file structure_29.cif (mmCIF, C-alpha atoms)
data_structure
loop_
_atom_site.label_atom_id
_atom_site.label_comp_id
_atom_site.auth_asym_id
_atom_site.auth_seq_id
_atom_site.Cartn_x
_atom_site.Cartn_y
_atom_site.Cartn_z
CA MET A 19 -22.73 21.74 -20.84
CA THR A 20 -21.62 25.31 -21.45
CA ILE A 21 -19.13 26.89 -19.07
CA PHE A 22 -20.35 30.48 -19.02
CA LEU A 23 -17.58 33.02 -18.48
CA ASP A 24 -19.17 36.19 -19.84
CA SER A 25 -21.09 37.82 -17.01
CA ALA A 26 -19.16 41.01 -17.81
CA GLY A 27 -21.02 40.97 -21.12
CA SER A 28 -24.54 39.82 -20.34
CA SER A 29 -25.01 37.32 -17.53
CA LEU A 30 -27.50 34.50 -16.99
CA PRO A 31 -30.62 35.66 -15.13
CA PRO A 32 -31.88 33.46 -12.30
CA ARG A 33 -35.30 31.79 -12.52
CA GLU A 34 -36.88 34.47 -10.32
CA VAL A 35 -35.98 37.17 -12.83
CA LEU A 36 -37.18 35.12 -15.80
CA ASP A 37 -40.50 34.34 -14.13
CA GLU A 38 -41.07 38.01 -13.26
CA VAL A 39 -40.42 39.24 -16.79
CA ILE A 40 -42.37 36.55 -18.63
CA GLY A 41 -45.18 36.61 -16.10
CA HIS A 42 -45.73 40.32 -16.58
CA LEU A 43 -45.57 40.06 -20.37
CA ARG A 44 -48.27 37.38 -20.19
CA ARG A 45 -50.37 39.68 -18.03
CA GLU A 46 -49.97 42.49 -20.57
CA VAL A 47 -51.41 40.13 -23.19
CA GLU A 48 -54.43 39.57 -20.97
CA VAL A 49 -55.29 43.11 -19.84
CA GLY A 50 -53.01 45.50 -21.74
CA GLY A 51 -49.86 47.27 -20.70
CA TYR A 52 -51.43 50.13 -18.73
CA VAL A 53 -53.69 47.96 -16.58
CA ALA A 54 -50.90 45.43 -16.01
CA ALA A 55 -48.56 48.20 -14.89
CA GLN A 56 -51.17 49.68 -12.54
CA GLU A 57 -51.61 46.27 -10.93
CA ARG A 58 -47.91 46.29 -10.10
CA ALA A 59 -47.68 49.95 -9.08
CA ASP A 60 -46.76 49.12 -5.48
CA ASP A 61 -44.02 46.71 -6.59
CA LEU A 62 -42.62 49.27 -9.03
CA GLU A 63 -42.58 51.92 -6.31
CA ALA A 64 -40.92 49.51 -3.88
CA GLY A 65 -38.13 49.06 -6.41
CA TYR A 66 -36.68 52.45 -5.49
CA GLY A 67 -36.23 51.25 -1.94
CA VAL A 68 -34.67 47.99 -3.09
CA PHE A 69 -32.01 49.79 -5.11
CA ALA A 70 -31.52 52.36 -2.37
CA GLU A 71 -30.62 49.49 -0.04
CA LEU A 72 -28.32 47.92 -2.63
CA LEU A 73 -26.54 51.15 -3.57
CA GLY A 74 -26.32 53.00 -0.25
CA ALA A 75 -28.71 55.80 -1.11
CA SER A 76 -32.20 57.04 -0.31
CA PRO A 77 -35.16 56.02 -2.48
CA ASP A 78 -35.52 59.59 -3.74
CA GLU A 79 -31.91 59.46 -4.97
CA VAL A 80 -32.65 56.51 -7.32
CA ALA A 81 -33.80 56.68 -10.94
CA PHE A 82 -34.41 53.88 -13.43
CA THR A 83 -33.26 53.99 -17.05
CA GLU A 84 -32.79 51.61 -19.95
CA SER A 85 -29.04 50.95 -19.58
CA ALA A 86 -25.85 52.01 -17.83
CA THR A 87 -25.02 54.11 -20.87
CA ARG A 88 -28.38 55.88 -20.69
CA SER A 89 -27.84 56.52 -16.98
CA TRP A 90 -24.33 57.87 -17.56
CA LEU A 91 -25.32 60.06 -20.51
CA THR A 92 -28.30 61.49 -18.65
CA ALA A 93 -26.15 62.41 -15.67
CA PHE A 94 -23.30 63.79 -17.76
CA ASP A 95 -25.66 65.87 -19.89
CA ALA A 96 -27.06 67.47 -16.73
CA VAL A 97 -23.65 68.67 -15.48
CA PRO A 98 -23.29 72.35 -16.50
CA LEU A 99 -20.16 72.89 -18.58
CA ALA A 100 -18.87 76.08 -20.16
CA ALA A 101 -15.79 77.33 -21.96
CA GLY A 102 -12.68 76.90 -19.83
CA ASP A 103 -14.20 74.24 -17.56
CA ARG A 104 -12.31 70.97 -17.18
CA VAL A 105 -13.41 67.32 -17.11
CA LEU A 106 -10.97 64.69 -15.85
CA PHE A 107 -11.16 60.97 -16.50
CA SER A 108 -9.00 57.90 -15.97
CA GLU A 109 -7.01 56.08 -18.63
CA ALA A 110 -9.37 53.14 -18.14
CA GLU A 111 -12.29 55.22 -19.48
CA TYR A 112 -14.69 53.25 -21.67
CA ALA A 113 -15.25 54.46 -25.23
CA GLY A 114 -18.98 54.79 -24.55
CA THR A 115 -18.25 57.53 -22.01
CA ALA A 116 -15.02 58.96 -23.42
CA ILE A 117 -16.69 59.81 -26.71
CA PRO A 118 -19.43 62.03 -25.20
CA ILE A 119 -16.86 63.67 -22.90
CA LEU A 120 -14.61 64.59 -25.82
CA ARG A 121 -17.52 65.64 -28.03
CA ARG A 122 -19.18 67.90 -25.47
CA ALA A 123 -15.89 69.44 -24.39
CA ARG A 124 -15.23 70.35 -28.02
CA GLU A 125 -18.72 71.81 -28.43
CA VAL A 126 -18.65 74.07 -25.36
CA GLY A 127 -14.94 74.90 -25.26
CA ALA A 128 -14.22 72.86 -22.14
CA VAL A 129 -11.05 70.82 -21.65
CA ALA A 130 -11.08 67.02 -21.28
CA GLU A 131 -7.96 65.51 -19.74
CA ALA A 132 -6.89 61.99 -18.81
CA VAL A 133 -5.36 61.38 -15.41
CA PRO A 134 -2.27 59.14 -15.67
CA SER A 135 -2.27 55.62 -14.26
CA ASP A 136 0.09 54.67 -11.45
CA SER A 137 2.58 51.79 -11.55
CA PHE A 138 -0.22 49.35 -10.70
CA GLY A 139 -2.42 50.51 -13.59
CA GLN A 140 -5.09 52.22 -11.49
CA ILE A 141 -5.83 55.94 -11.53
CA ASP A 142 -2.92 57.81 -9.93
CA VAL A 143 -4.57 59.67 -7.04
CA ASP A 144 -1.48 61.82 -6.43
CA ALA A 145 -1.43 62.85 -10.09
CA LEU A 146 -5.15 63.59 -9.85
CA LYS A 147 -4.58 65.88 -6.88
CA ASP A 148 -1.93 67.77 -8.83
CA MET A 149 -4.36 68.26 -11.74
CA LEU A 150 -7.34 69.40 -9.69
CA ASP A 151 -8.30 73.05 -9.46
CA GLU A 152 -11.49 75.11 -9.26
CA ARG A 153 -12.02 74.78 -13.04
CA VAL A 154 -12.60 71.02 -12.76
CA LYS A 155 -16.36 70.51 -12.78
CA LEU A 156 -16.46 66.73 -13.15
CA VAL A 157 -14.26 63.70 -12.57
CA SER A 158 -15.49 60.67 -14.51
CA LEU A 159 -14.28 57.43 -12.95
CA VAL A 160 -14.65 53.88 -14.21
CA HIS A 161 -14.95 51.67 -11.14
CA VAL A 162 -14.07 48.42 -12.96
CA PRO A 163 -13.06 48.78 -16.62
CA THR A 164 -14.39 46.62 -19.41
CA ASN A 165 -10.96 45.24 -20.33
CA SER A 166 -9.47 44.00 -17.03
CA GLY A 167 -10.08 43.06 -13.41
CA LEU A 168 -8.74 46.37 -12.10
CA VAL A 169 -10.74 48.12 -9.36
CA ASN A 170 -10.15 51.87 -9.19
CA PRO A 171 -9.98 53.58 -5.75
CA ALA A 172 -13.30 55.42 -5.88
CA ARG A 173 -13.30 56.79 -2.34
CA GLU A 174 -9.86 58.37 -2.68
CA VAL A 175 -10.84 59.96 -5.98
CA ALA A 176 -14.09 61.32 -4.55
CA ASP A 177 -12.38 62.81 -1.52
CA ALA A 178 -9.76 64.53 -3.67
CA ALA A 179 -12.29 65.85 -6.21
CA HIS A 180 -14.54 67.28 -3.52
CA GLU A 181 -11.66 69.38 -2.19
CA VAL A 182 -12.07 71.60 -5.26
CA GLY A 183 -15.84 71.23 -5.54
CA ALA A 184 -15.84 68.84 -8.50
CA LEU A 185 -18.58 66.26 -8.98
CA VAL A 186 -17.66 62.58 -9.32
CA LEU A 187 -19.60 60.38 -11.74
CA LEU A 188 -18.89 56.67 -11.13
CA ASP A 189 -19.33 54.27 -14.01
CA ALA A 190 -20.30 51.16 -12.02
CA CYS A 191 -21.44 49.20 -15.07
CA GLN A 192 -18.98 46.38 -14.31
CA SER A 193 -19.06 46.55 -10.52
CA ILE A 194 -22.72 46.59 -9.44
CA GLY A 195 -23.66 42.99 -8.74
CA GLN A 196 -20.15 41.68 -8.08
CA LEU A 197 -18.74 44.23 -5.59
CA PRO A 198 -20.25 46.42 -2.88
CA VAL A 199 -21.16 49.68 -4.62
CA ARG A 200 -22.58 52.11 -2.10
CA ALA A 201 -22.81 55.85 -2.61
CA ASP A 202 -22.56 56.48 1.13
CA ASP A 203 -19.33 54.45 1.44
CA LEU A 204 -17.66 55.54 -1.80
CA GLY A 205 -18.58 59.20 -1.43
CA VAL A 206 -19.33 59.67 -5.13
CA ASP A 207 -22.05 62.03 -6.34
CA LEU A 208 -23.50 60.00 -9.21
CA ILE A 209 -23.53 56.27 -9.97
CA ALA A 210 -24.52 54.70 -13.29
CA GLY A 211 -25.16 50.95 -13.55
CA THR A 212 -26.82 48.23 -15.57
CA GLY A 213 -28.93 45.16 -14.94
CA ARG A 214 -27.67 42.79 -17.59
CA LYS A 215 -24.16 42.14 -16.29
CA TRP A 216 -23.17 41.03 -12.78
CA LEU A 217 -26.58 41.79 -11.31
CA ARG A 218 -28.09 39.08 -13.56
CA GLY A 219 -31.04 41.21 -14.62
CA PRO A 220 -32.69 41.68 -18.02
CA ARG A 221 -31.18 43.63 -20.86
CA GLY A 222 -32.62 47.11 -21.36
CA THR A 223 -32.40 48.03 -17.66
CA GLY A 224 -30.26 50.60 -15.88
CA VAL A 225 -30.07 52.59 -12.68
CA LEU A 226 -28.82 56.05 -11.78
CA VAL A 227 -28.04 57.31 -8.28
CA VAL A 228 -28.04 61.09 -7.79
CA ARG A 229 -27.05 62.27 -4.33
CA ARG A 230 -29.15 65.15 -3.03
CA GLU A 231 -26.17 67.47 -2.68
CA ALA A 232 -25.27 66.88 -6.32
CA ALA A 233 -28.84 67.21 -7.57
CA GLU A 234 -28.89 70.88 -6.62
CA ARG A 235 -26.02 71.54 -9.03
CA LEU A 236 -27.41 69.65 -12.02
CA HIS A 237 -29.45 70.98 -14.91
CA PRO A 238 -31.49 68.08 -16.36
CA ARG A 239 -32.27 68.70 -20.01
CA LEU A 240 -33.87 65.43 -21.15
CA VAL A 241 -37.23 65.95 -19.45
CA ASP A 242 -40.75 64.95 -20.42
CA LEU A 243 -44.20 64.68 -18.80
CA HIS A 244 -42.89 62.09 -16.32
CA SER A 245 -39.90 64.09 -15.13
CA ALA A 246 -41.72 67.44 -15.18
CA GLU A 247 -45.26 68.81 -14.94
CA TRP A 248 -46.92 71.32 -17.26
CA VAL A 249 -48.49 73.69 -14.71
CA GLY A 250 -49.38 76.71 -16.83
CA PRO A 251 -49.60 77.74 -20.48
CA ASP A 252 -45.94 78.69 -20.46
CA ASP A 253 -44.74 77.17 -17.19
CA ILE A 254 -43.38 73.79 -16.10
CA ARG A 255 -42.24 72.33 -12.79
CA LEU A 256 -39.48 69.72 -12.66
CA ARG A 257 -39.51 66.90 -10.14
CA ASP A 258 -37.31 67.51 -7.12
CA ASP A 259 -35.97 63.95 -6.82
CA ALA A 260 -33.78 61.68 -8.95
CA ARG A 261 -36.76 60.66 -11.07
CA VAL A 262 -36.37 63.94 -12.93
CA HIS A 263 -33.83 61.91 -14.92
CA GLU A 264 -36.40 59.29 -15.95
CA ILE A 265 -38.75 59.38 -18.94
CA TRP A 266 -42.30 58.14 -19.22
CA GLU A 267 -42.00 55.10 -21.46
CA THR A 268 -40.24 51.98 -20.23
CA SER A 269 -40.50 48.21 -20.27
CA VAL A 270 -42.41 47.44 -17.10
CA ALA A 271 -41.64 43.74 -17.42
CA ALA A 272 -37.92 44.44 -17.67
CA ARG A 273 -38.02 46.81 -14.70
CA LEU A 274 -39.82 44.26 -12.56
CA GLY A 275 -37.17 41.74 -13.56
CA PHE A 276 -34.46 44.26 -12.69
CA ILE A 277 -35.96 44.76 -9.24
CA ALA A 278 -36.18 40.99 -8.81
CA ALA A 279 -32.49 40.70 -9.70
CA ALA A 280 -31.56 43.27 -7.05
CA ARG A 281 -33.66 41.46 -4.45
CA TYR A 282 -31.95 38.21 -5.42
CA ALA A 283 -28.49 39.75 -4.94
CA LEU A 284 -29.46 41.24 -1.59
CA ALA A 285 -30.86 37.91 -0.41
CA LYS A 286 -27.65 36.11 -1.33
CA GLY A 287 -25.57 38.86 0.22
CA VAL A 288 -23.30 41.28 -1.63
CA ASP A 289 -20.40 40.27 0.61
CA VAL A 290 -20.98 36.61 -0.25
CA ILE A 291 -21.14 37.42 -3.95
CA GLU A 292 -17.91 39.44 -3.77
CA ARG A 293 -16.12 36.59 -2.02
CA GLU A 294 -17.35 33.86 -4.37
CA VAL A 295 -16.70 35.84 -7.54
CA GLY A 296 -13.28 36.76 -6.24
CA GLU A 297 -12.44 33.14 -5.47
CA ARG A 298 -13.36 32.01 -8.96
CA ALA A 299 -11.47 34.86 -10.62
CA ARG A 300 -8.34 34.12 -8.56
CA ARG A 301 -8.61 30.42 -9.42
CA LEU A 302 -8.86 31.29 -13.10
CA ARG A 303 -5.98 33.80 -13.00
CA ASP A 304 -3.74 31.37 -11.14
CA GLY A 305 -4.55 28.54 -13.54
CA LEU A 306 -4.00 30.65 -16.64
CA GLY A 307 -0.84 32.21 -15.23
CA ALA A 308 0.71 28.76 -14.85
CA LEU A 309 0.19 27.87 -18.52
CA PRO A 310 3.15 28.23 -20.93
CA GLY A 311 2.42 30.78 -23.63
CA VAL A 312 -0.46 32.39 -21.72
CA THR A 313 -0.15 35.87 -20.17
CA VAL A 314 -2.68 37.24 -17.70
CA ARG A 315 -3.23 40.95 -18.41
CA ASP A 316 -5.02 42.25 -15.32
CA PRO A 317 -3.39 45.29 -13.64
CA GLY A 318 -4.37 46.83 -10.33
CA VAL A 319 -3.85 46.37 -6.61
CA ARG A 320 -7.39 45.16 -5.98
CA LYS A 321 -8.88 42.88 -8.61
CA ALA A 322 -12.48 41.98 -9.44
CA GLY A 323 -14.16 39.21 -11.41
CA ILE A 324 -12.93 40.08 -14.90
CA VAL A 325 -9.92 38.03 -16.03
CA THR A 326 -8.12 39.02 -19.22
CA PHE A 327 -5.32 37.19 -20.98
CA THR A 328 -3.52 36.60 -24.27
CA VAL A 329 -2.14 33.44 -25.86
CA ASP A 330 1.17 33.64 -27.71
CA GLY A 331 0.73 33.27 -31.46
CA VAL A 332 -3.07 32.97 -31.30
CA SER A 333 -5.42 35.91 -31.84
CA ALA A 334 -8.01 36.69 -29.20
CA VAL A 335 -10.77 35.95 -31.70
CA ASP A 336 -9.30 32.52 -32.46
CA VAL A 337 -9.01 31.76 -28.74
CA ARG A 338 -12.64 32.80 -28.22
CA ASP A 339 -13.84 30.66 -31.12
CA ARG A 340 -11.79 27.62 -30.13
CA LEU A 341 -13.07 27.81 -26.59
CA ALA A 342 -16.63 28.16 -27.87
CA ARG A 343 -16.23 24.89 -29.74
CA GLU A 344 -15.33 23.30 -26.42
CA GLY A 345 -18.35 24.78 -24.67
CA VAL A 346 -16.56 27.66 -22.93
CA THR A 347 -18.08 31.13 -23.43
CA VAL A 348 -15.67 34.08 -23.31
CA THR A 349 -15.40 37.26 -25.34
CA VAL A 350 -12.83 39.70 -26.76
CA SER A 351 -12.05 43.21 -25.55
CA TRP A 352 -10.56 45.47 -28.22
CA ALA A 353 -8.25 48.45 -27.90
CA SER A 354 -10.97 50.71 -29.33
CA SER A 355 -13.09 50.14 -26.21
CA THR A 356 -10.43 51.41 -23.79
CA LEU A 357 -8.04 53.19 -26.12
CA LEU A 358 -5.79 54.97 -23.63
CA ASP A 359 -5.25 52.02 -21.32
CA MET A 360 -4.71 49.46 -24.07
CA THR A 361 -2.37 51.77 -25.97
CA ARG A 362 -0.37 52.45 -22.82
CA ARG A 363 0.01 48.72 -22.25
CA GLY A 364 0.74 47.92 -25.89
CA LEU A 365 -2.31 45.69 -26.36
CA ALA A 366 -4.57 45.50 -29.39
CA GLU A 367 -6.92 42.90 -27.92
CA VAL A 368 -7.38 40.58 -24.96
CA VAL A 369 -9.53 37.57 -24.23
CA ARG A 370 -12.00 38.43 -21.47
CA ALA A 371 -13.39 35.82 -19.10
CA SER A 372 -15.75 36.73 -16.26
CA PRO A 373 -16.83 33.85 -14.00
CA HIS A 374 -19.80 34.54 -11.74
CA TYR A 375 -20.58 32.71 -8.49
CA PHE A 376 -22.75 30.17 -10.33
CA VAL A 377 -19.67 28.84 -12.16
CA GLU A 378 -18.35 25.82 -10.23
CA PRO A 379 -14.64 25.68 -9.34
CA ALA A 380 -14.35 22.48 -11.36
CA GLN A 381 -15.70 24.35 -14.39
CA VAL A 382 -13.02 27.01 -13.92
CA ASP A 383 -10.40 24.25 -14.03
CA GLN A 384 -11.97 22.82 -17.18
CA ALA A 385 -11.79 26.25 -18.80
CA VAL A 386 -8.08 26.47 -17.93
CA GLU A 387 -7.55 23.07 -19.56
CA ALA A 388 -9.34 24.28 -22.68
CA VAL A 389 -7.09 27.36 -22.85
CA SER A 390 -4.03 25.11 -22.44
CA ARG A 391 -5.09 23.23 -25.58
CA CYS A 392 -5.34 26.54 -27.44
CA ALA A 393 -1.83 27.45 -26.28
CA ARG A 394 -0.45 24.12 -27.47
#
call {"tool": "encode", "arguments": {"input": "structure_29.cif", "output": "structure tokens"}}
result
Amino acid sequence: MTIFLDSAGSSLPPREVLDEVIGHLRREVEVGGYVAAQERADDLEAGYGVFAELLGASPDEVAFTESATRSWLTAFDAVPLAAGDRVLFSEAEYAGTAIPILRRAREVGAVAEAVPSDSFGQIDVDALKDMLDERVKLVSLVHVPTNSGLVNPAREVADAAHEVGALVLLDACQSIGQLPVRADDLGVDLIAGTGRKWLRGPRGTGVLVVRREAAERLHPRLVDLHSAEWVGPDDIRLRDDARVHEIWETSVAARLGFIAAARYALAKGVDVIEREVGERARRLRDGLGALPGVTVRDPGVRKAGIVTFTVDGVSAVDVRDRLAREGVTVTVSWASSTLLDMTRRGLAEVVRASPHYFVEPAQVDQAVEAVSRCAR
């Protein structure tokens, strides 16, 4: 039996999600995609309310996309930037978001700057406050990075950024589905997330939250006949809700599965999920930390479900492959994915394990035993 420790990569969907996706695909075979979608129009519409409940927003502040990256890029592209403007980001920034920040700053003459980490490895809020001024238009914050269990202090960052009128875009790719991520509690303006990780939804699904106050300051550019209406020969009218960031074509089956995954998480309870994931991650960290030759690499004051480590004298790839032969699924996080953070900590690679609540405590212990054999 496989011990699955890669929910930070792409988790295992529950039966309810699988049945929803496959059931709709079968219906498309019977009546065609348009008729099948129309039959589920009420369920698709209800999905906005489901995610509003999950993410602490209103239904009109929710948009669906094809991935967390698509959500993030759509939001970032809509933030007006000009020469002399500044964009701040944490050292834990993911390459998938750092690259477009650096590229667009170069194109428009804006300045992209990293905020230093504090002694615990999280974004240094005091340093952020010192860097903020009226030229800062956006603070990009990774809630939980791809390469460690760190949880960044989103509320503190949002409060500081708003003092100078900056928008805060939260990359919640690794936090939605394992931690409470609520726009009303965290105070952020934009949230980008995915279905395939901790939420246990299908691949090819994403969500974007756009608070009303922020929406008034955005300039959506990637619009089509779904996000806008052609009202005259030379006139268009954009939607006035978050769906202005959506496009017409999507996988209806995947979206229905995504909505089912959110309902599943809400039914279990986000607080229950947070507690159970946290318990398994602590059990894994404690077990690995007690092994000779194994170093746990997770910084931060508050830690989430990602557990990263290295084994003396054994490459991360070799550890991954040896564990796979013993039925334990983990992955590798490379320096190129989080260049600033990994460089600062002197790491080229780490083994990444991410146990979800469906992993039994005994399986966590078995995984620790398997790592001990790698270390020996």
call {"tool": "axis_aligned_box", "arguments": {"input": "structure_29.cif", "around": "stretch 171-190 of chain A", "padding_each_side": "8 Å", "output": "lines of an AutoDock Vina configuration file"}}
result
center_x = -15.0
center_y = 61.4
center_z = -7.8
size_x = 26.5
size_y = 36.4
size_z = 28.5
call {"tool": "resolve_selection", "arguments": {"input": "structure_29.cif", "expression": "the PyMOL selection byres ((chain A and resi 67) around 10)", "output": "count of residues only"}}
result
18
call {"tool": "resolve_selection", "arguments": {"input": "structure_29.cif", "expression": "the PyMOL selection byres ((chain A and resi 368) around 8)", "output": "ChimeraX atom specification"}}
result
/A:165,315,326-328,334,350-352,365-367,369-370
call {"tool": "closest_residue", "arguments": {"input": "structure_29.cif", "among": "A:Glu84, A:Met19, A:Glu267, A:Leu357", "to": "A:Gly345", "atoms": "all atoms listed in the file"}}
result
A:Met19
call {"tool": "atom_distance", "arguments": {"input": "structure_29.cif", "atom1": "atom CA of A:Ala172", "atom2": "atom CA of A:Leu188"}}
result
7.8 Å
call {"tool": "atom_distance", "arguments": {"input": "structure_29.cif", "atom1": "atom CA of A:Ile21", "atom2": "atom CA of A:Glu344"}}
result
9.0 Å
call {"tool": "atom_distance", "arguments": {"input": "structure_29.cif", "atom1": "atom CA of A:Arg391", "atom2": "atom CA of A:Leu306"}}
result
11.7 Å
call {"tool": "residues_around", "arguments": {"input": "structure_29.cif", "residues": "stretch 34-43 of chain A", "least_positions_apart": "3", "cutoff": "9 Å", "atoms": "all atoms listed in the file", "output": "ChimeraX atom specification"}}
result
/A:31,46-48,51,54-55,218-220,270-279,282
call {"tool": "closest_residue", "arguments": {"input": "structure_29.cif", "among": "A:Val314, A:Val186, A:Ala130, A:Val160", "to": "A:Pro118", "atoms": "all atoms listed in the file"}}
result
A:Ala130
call {"tool": "decode", "arguments": {"input": "structure_29.cif", "residues": "stretch 371-384 of chain A", "atoms": "C-alpha atoms", "output": "compact mmCIF listing (two decimals), in the first residue's frame"}}
result
# COMPACT_ATOMS: atom_id res chain seq x y z
CA ALA A 371 6.71 15.45 2.23
CA SER A 372 3.14 16.65 2.72
CA PRO A 373 0.86 14.33 4.72
CA HIS A 374 -2.86 15.07 4.49
CA TYR A 375 -5.48 14.05 7.07
CA PHE A 376 -6.16 10.78 5.23
CA VAL A 377 -2.63 9.57 6.06
CA GLU A 378 -2.80 7.45 9.22
CA PRO A 379 -0.37 8.19 12.08
CA ALA A 380 1.00 4.67 11.73
CA GLN A 381 1.79 5.41 8.08
CA VAL A 382 3.70 8.52 9.14
CA ASP A 383 5.80 6.34 11.44
CA GLN A 384 6.41 3.87 8.61
